[in-house]
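Chemist: See entry_32.pdb below, with PDB, C-alpha atoms.
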```
ATOM      1  CA  MET A   1      13.613  -5.943  73.967
ATOM      2  CA  LEU A   2      17.279  -5.205  73.436
ATOM      3  CA  GLY A   3      19.245  -8.202  72.245
ATOM      4  CA  ALA A   4      16.148 -10.360  71.793
ATOM      5  CA  GLU A   5      15.751 -12.623  68.806
ATOM      6  CA  PRO A   6      12.435 -13.594  67.177
ATOM      7  CA  GLY A   7      11.127 -16.591  69.069
ATOM      8  CA  ASP A   8      12.799 -15.677  72.371
ATOM      9  CA  LEU A   9      10.673 -16.662  75.355
ATOM     10  CA  ILE A  10      10.759 -13.184  76.864
ATOM     11  CA  THR A  11       9.003 -10.773  74.552
ATOM     12  CA  ASP A  12       8.647  -7.021  74.888
ATOM     13  CA  ARG A  13       4.925  -6.332  75.048
ATOM     14  CA  GLN A  14       3.839  -2.963  73.823
ATOM     15  CA  SER A  15       1.080  -1.181  75.720
ATOM     16  CA  TYR A  16       0.043   0.705  72.585
ATOM     17  CA  VAL A  17       0.687   0.796  68.866
ATOM     18  CA  THR A  18       0.878   3.975  66.788
ATOM     19  CA  ILE A  19      -1.103   3.745  63.576
ATOM     20  CA  TYR A  20      -1.530   6.608  61.141
ATOM     21  CA  THR A  21      -3.430   6.638  57.865
ATOM     22  CA  ASP A  22      -1.285   6.115  54.764
ATOM     23  CA  ILE A  23      -1.828   9.697  53.602
ATOM     24  CA  ALA A  24      -0.732  11.095  56.989
ATOM     25  CA  LYS A  25       2.409   8.900  56.975
ATOM     26  CA  GLU A  26       3.274  10.038  53.442
ATOM     27  CA  ARG A  27       2.757  13.711  54.309
ATOM     28  CA  MET A  28       4.889  13.461  57.471
ATOM     29  CA  LYS A  29       7.635  11.740  55.472
ATOM     30  CA  ASN A  30       7.538  14.687  53.021
ATOM     31  CA  ASN A  31       7.708  17.341  55.799
ATOM     32  CA  GLN A  32       4.087  18.351  55.375
ATOM     33  CA  CYS A  33       1.189  18.822  57.738
ATOM     34  CA  PRO A  34      -0.362  15.322  58.035
ATOM     35  CA  ALA A  35      -3.890  16.775  58.059
ATOM     36  CA  CYS A  36      -3.829  19.258  55.150
ATOM     37  CA  GLY A  37      -0.528  18.636  53.355
ATOM     38  CA  LYS A  38       0.828  22.178  53.780
ATOM     39  CA  PRO A  39       4.660  22.140  53.525
ATOM     40  CA  LYS A  40       6.489  22.969  56.779
ATOM     41  CA  SER A  41       8.290  25.823  54.985
ATOM     42  CA  GLU A  42       4.916  27.623  54.790
ATOM     43  CA  TRP A  43       3.828  27.124  58.411
ATOM     44  CA  ASN A  44       3.153  30.076  60.699
ATOM     45  CA  ARG A  45       3.919  28.005  63.813
ATOM     46  CA  ARG A  46       6.774  25.902  65.126
ATOM     47  CA  THR A  47       7.812  23.209  62.651
ATOM     48  CA  ASP A  48       8.717  20.726  65.387
ATOM     49  CA  TRP A  49       4.986  20.329  66.085
ATOM     50  CA  ARG A  50       3.036  17.695  64.222
ATOM     51  CA  CYS A  51       0.540  19.956  62.391
ATOM     52  CA  CYS A  52       0.507  23.447  60.888
ATOM     53  CA  SER A  53      -2.378  24.756  63.021
ATOM     54  CA  LYS A  54      -4.599  23.981  65.981
ATOM     55  CA  GLU A  55      -7.449  23.147  63.577
ATOM     56  CA  CYS A  56      -5.279  20.693  61.638
ATOM     57  CA  THR A  57      -4.169  19.109  64.905
ATOM     58  CA  GLU A  58      -7.815  18.395  65.751
ATOM     59  CA  VAL A  59      -8.419  16.989  62.244
ATOM     60  CA  PHE A  60      -5.286  14.849  62.499
ATOM     61  CA  TRP A  61      -6.284  13.227  65.809
ATOM     62  CA  LYS A  62      -9.843  12.649  64.615
ATOM     63  CA  GLU A  63      -9.208  11.412  61.066
ATOM     64  CA  HIS A  64      -5.600  10.262  60.739
ATOM     65  CA  ASP A  65      -4.536   8.817  64.102
ATOM     66  CA  LYS A  66      -5.816   5.254  64.450
ATOM     67  CA  SER A  67      -3.503   4.312  67.323
ATOM     68  CA  LEU A  68      -4.583   1.602  69.740
ATOM     69  CA  SER A  69      -3.877   0.868  73.370
ATOM     70  CA  TRP A  70      -3.852  -2.673  74.690
ATOM     71  CA  GLU A  71      -6.933  -1.827  76.786
ATOM     72  CA  ILE A  72      -8.886  -0.790  73.676
ATOM     73  CA  ILE A  73      -7.991  -3.853  71.621
ATOM     74  CA  ARG A  74      -8.604  -6.131  74.623
ATOM     75  CA  TYR A  75     -12.092  -4.653  75.051
ATOM     76  CA  ARG A  76     -12.788  -5.072  71.317
ATOM     77  CA  VAL A  77     -11.843  -8.763  71.522
ATOM     78  CA  PHE A  78     -14.117  -9.330  74.534
ATOM     79  CA  LYS A  79     -16.942  -7.481  72.778
ATOM     80  CA  ARG A  80     -16.418  -9.403  69.506
ATOM     81  CA  ASP A  81     -16.481 -12.708  71.405
ATOM     82  CA  LYS A  82     -19.458 -11.571  73.526
ATOM     83  CA  GLY A  83     -17.580 -12.484  76.703
ATOM     84  CA  VAL A  84     -17.578 -16.179  75.758
ATOM     85  CA  CYS A  85     -14.472 -18.265  76.479
ATOM     86  CA  ALA A  86     -13.117 -19.754  73.238
ATOM     87  CA  MET A  87     -12.138 -23.004  75.007
ATOM     88  CA  CYS A  88     -14.969 -23.904  77.407
ATOM     89  CA  GLY A  89     -17.759 -21.759  75.950
ATOM     90  CA  GLU A  90     -18.696 -20.209  79.291
ATOM     91  CA  GLN A  91     -20.073 -16.686  79.054
ATOM     92  CA  MET A  92     -18.578 -14.203  81.478
ATOM     93  CA  THR A  93     -20.755 -11.106  81.355
ATOM     94  CA  TRP A  94     -22.485  -8.533  83.520
ATOM     95  CA  GLU A  95     -26.003  -7.343  82.818
ATOM     96  CA  PHE A  96     -26.191  -3.564  82.549
ATOM     97  CA  ASP A  97     -29.270  -1.650  81.335
ATOM     98  CA  GLY A  98     -30.634  -4.870  79.870
ATOM     99  CA  LYS A  99     -27.427  -5.544  77.904
ATOM    100  CA  GLN A 100     -24.784  -8.204  78.456
ATOM    101  CA  ILE A 101     -21.341  -6.616  78.883
ATOM    102  CA  PRO A 102     -18.115  -8.681  79.014
ATOM    103  CA  ASN A 103     -16.917  -9.098  82.613
ATOM    104  CA  ASP A 104     -13.276  -8.243  82.010
ATOM    105  CA  SER A 105     -12.325  -9.162  85.584
ATOM    106  CA  GLN A 106     -13.069 -12.809  84.681
ATOM    107  CA  LEU A 107     -11.603 -12.761  81.149
ATOM    108  CA  VAL A 108      -8.169 -12.826  79.558
ATOM    109  CA  CYS A 109      -7.313 -11.585  76.081
ATOM    110  CA  ASP A 110      -5.048 -14.377  74.854
ATOM    111  CA  HIS A 111      -2.707 -14.579  71.867
ATOM    112  CA  ILE A 112      -3.644 -17.726  69.946
ATOM    113  CA  LYS A 113      -0.121 -17.966  68.543
ATOM    114  CA  PRO A 114       2.124 -16.788  71.397
ATOM    115  CA  LEU A 115       4.323 -13.756  70.882
ATOM    116  CA  ALA A 116       7.322 -15.932  71.762
ATOM    117  CA  MET A 117       6.484 -18.011  68.668
ATOM    118  CA  ASP A 118       6.304 -14.930  66.439
ATOM    119  CA  GLY A 119       2.570 -14.390  66.972
ATOM    120  CA  GLU A 120       1.283 -10.949  66.081
ATOM    121  CA  MET A 121       0.661  -8.665  69.059
ATOM    122  CA  TRP A 122      -2.030  -6.458  67.489
ATOM    123  CA  ASP A 123      -3.720  -8.822  65.015
ATOM    124  CA  MET A 124      -7.369  -9.314  66.048
ATOM    125  CA  GLU A 125      -7.301 -12.705  64.309
ATOM    126  CA  ASN A 126      -4.533 -13.792  66.704
ATOM    127  CA  LEU A 127      -6.527 -12.815  69.798
ATOM    128  CA  GLN A 128      -9.204 -14.741  71.637
ATOM    129  CA  THR A 129     -11.221 -14.465  74.819
ATOM    130  CA  LEU A 130     -10.455 -17.018  77.532
ATOM    131  CA  CYS A 131     -11.729 -17.409  81.074
ATOM    132  CA  ILE A 132      -9.066 -17.430  83.772
ATOM    133  CA  GLU A 133      -9.111 -21.222  84.219
ATOM    134  CA  CYS A 134      -8.812 -21.961  80.482
ATOM    135  CA  ASN A 135      -6.048 -19.384  80.180
ATOM    136  CA  LYS A 136      -4.052 -21.252  82.845
ATOM    137  CA  LYS A 137      -4.404 -24.486  80.843
ATOM    138  CA  LYS A 138      -3.478 -22.805  77.558
ATOM    139  CA  THR A 139      -0.472 -21.096  79.140
ATOM    140  CA  ALA A 140       0.855 -24.487  80.278
ATOM    141  CA  GLU A 141       0.418 -25.845  76.727
ATOM    142  CA  ASP A 142       2.014 -22.708  75.262
ATOM    143  CA  LEU A 143       5.077 -23.068  77.477
ATOM    144  CA  ALA A 144       5.671 -26.598  76.180
ATOM    145  CA  ASN A 145       5.140 -25.459  72.572
ATOM    146  CA  ILE A 146       7.425 -22.459  73.049
ATOM    147  CA  ALA A 147      10.184 -24.693  74.438
ATOM    148  CA  GLU A 148       9.914 -26.978  71.386
ATOM    149  CA  TYR A 149       9.765 -23.974  69.039
ATOM    150  CA  LYS A 150      12.922 -22.509  70.603
ATOM    151  CA  LYS A 151      14.715 -25.861  70.402
ATOM    152  CA  VAL A 152      13.932 -26.188  66.669
ATOM    153  CA  ASN A 153      14.815 -22.556  65.918
ATOM    154  CA  ASN A 154      18.063 -22.739  67.885
ATOM    155  CA  LYS A 155      19.064 -25.834  65.889
ATOM    156  CA  LYS A 156      18.305 -23.959  62.652
ATOM    157  CA  LYS A 157      20.382 -20.972  63.832
ATOM    158  CA  LEU A 158      23.230 -23.260  64.864
ATOM    159  CA  HIS A 159      23.122 -25.110  61.529
ATOM    160  CA  LYS A 160      23.100 -21.800  59.639
ATOM    161  CA  THR A 161      26.074 -20.568  61.681
ATOM    162  CA  PHE A 162      28.106 -23.732  60.998
ATOM    163  CA  LYS A 163      27.102 -23.622  57.334
ATOM    164  CA  ASN A 164      28.401 -20.046  57.084
ATOM    165  CA  ILE A 165      31.662 -20.992  58.824
ATOM    166  CA  TYR A 166      32.312 -23.827  56.334
ATOM    167  CA  ILE A 167      31.493 -21.578  53.373
ATOM    168  CA  LEU A 168      34.069 -19.009  54.516
TER     169      LEU A 168
END
```
Show me this structure written as structure tokens.

Modeler:
Amino acid sequence: MLGAEPGDLITDRQSYVTIYTDIAKERMKNNQCPACGKPKSEWNRRTDWRCCSKECTEVFWKEHDKSLSWEIIRYRVFKRDKGVCAMCGEQMTWEFDGKQIPNDSQLVCDHIKPLAMDGEMWDMENLQTLCIECNKKKTAEDLANIAEYKKVNNKKKLHKTFKNIYIL
């Protein structure tokens, strides 16, 4: 969010995160095809495209693009937690073909450490499954914690500002 500081209450939530393999990132940085490493100067196609050929494009998306959408990571959290609320322990699942599937209409993917307190958006270790009722309770607790966090951080910023003024 423009003008936002870490710890601000309003946080820009991304709907996806772009993740490429290290080798693909390095190749793109060096103006090479991220799939095969062929330099752009040797391409037989437009160099403003990501890859040197249609075949490399397919390889890139299959092997080098590990991007995630919020829906994918949310589903992975529900699946990891087996549809069980981390607070009350209630299981919210549907039975389908003899398997228990998380009932995502009754579940919330919650950030354990809120984004407004510098929690990590895409870290699976910072995500938990909560039922709707427990999420309401946790949100109320989070709001109080965020207010305290902001108060402490604003005092630190203010102190740092005054310290810099006196040093000048």

Chemist: Given the choices A:Arg80, A:Val152, A:Asp97, A:Asp104, which gets closest to Leu127 in chain A if the distance is worked out from only C-alpha atoms?

Modeler: A:Arg80

Chemist: Using all atoms listed in the file, which protein or nucleic acid residues come within 9 Å of range 30-45 of chain A? Drop anything in the same chain fewer than 5 positions from it, and give the result as number ranges by chain.

Modeler: A: 23-25, 50-53, 56-61, 63-64

Chemist: Quick one: pull the distance between CA of Glu71 in chain A and CA of Asp142 in chain A, Å, one decimal.

Modeler: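 So the answer is 22.8 Å.
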
Chemist: I'd like to see the residues matched by the PyMOL selection byres ((chain A and resi 85-96) around 10) on this file, and ideally I'd get them as a PyMOL selection string.

Modeler: chain A and resi 78+81-84+97-110+128-135+137-138

Chemist: Between CA of Asp65 in chain A and CA of Tyr20 in chain A, what is the spacing in Å?

Modeler: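 Taking CA of Tyr20 in chain A and CA of Asp65 in chain A, their separation equals 4.8 Å.
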
Chemist: Write out as a PyMOL selection string which residues come within 9 Å of range 121-124 of chain A when counting only C-alpha atoms, dropping same-chain ones fewer than 3 positions away.

Modeler: chain A and resi 13-14+17+68+70+73+76-77+111+114-115+118+127-128
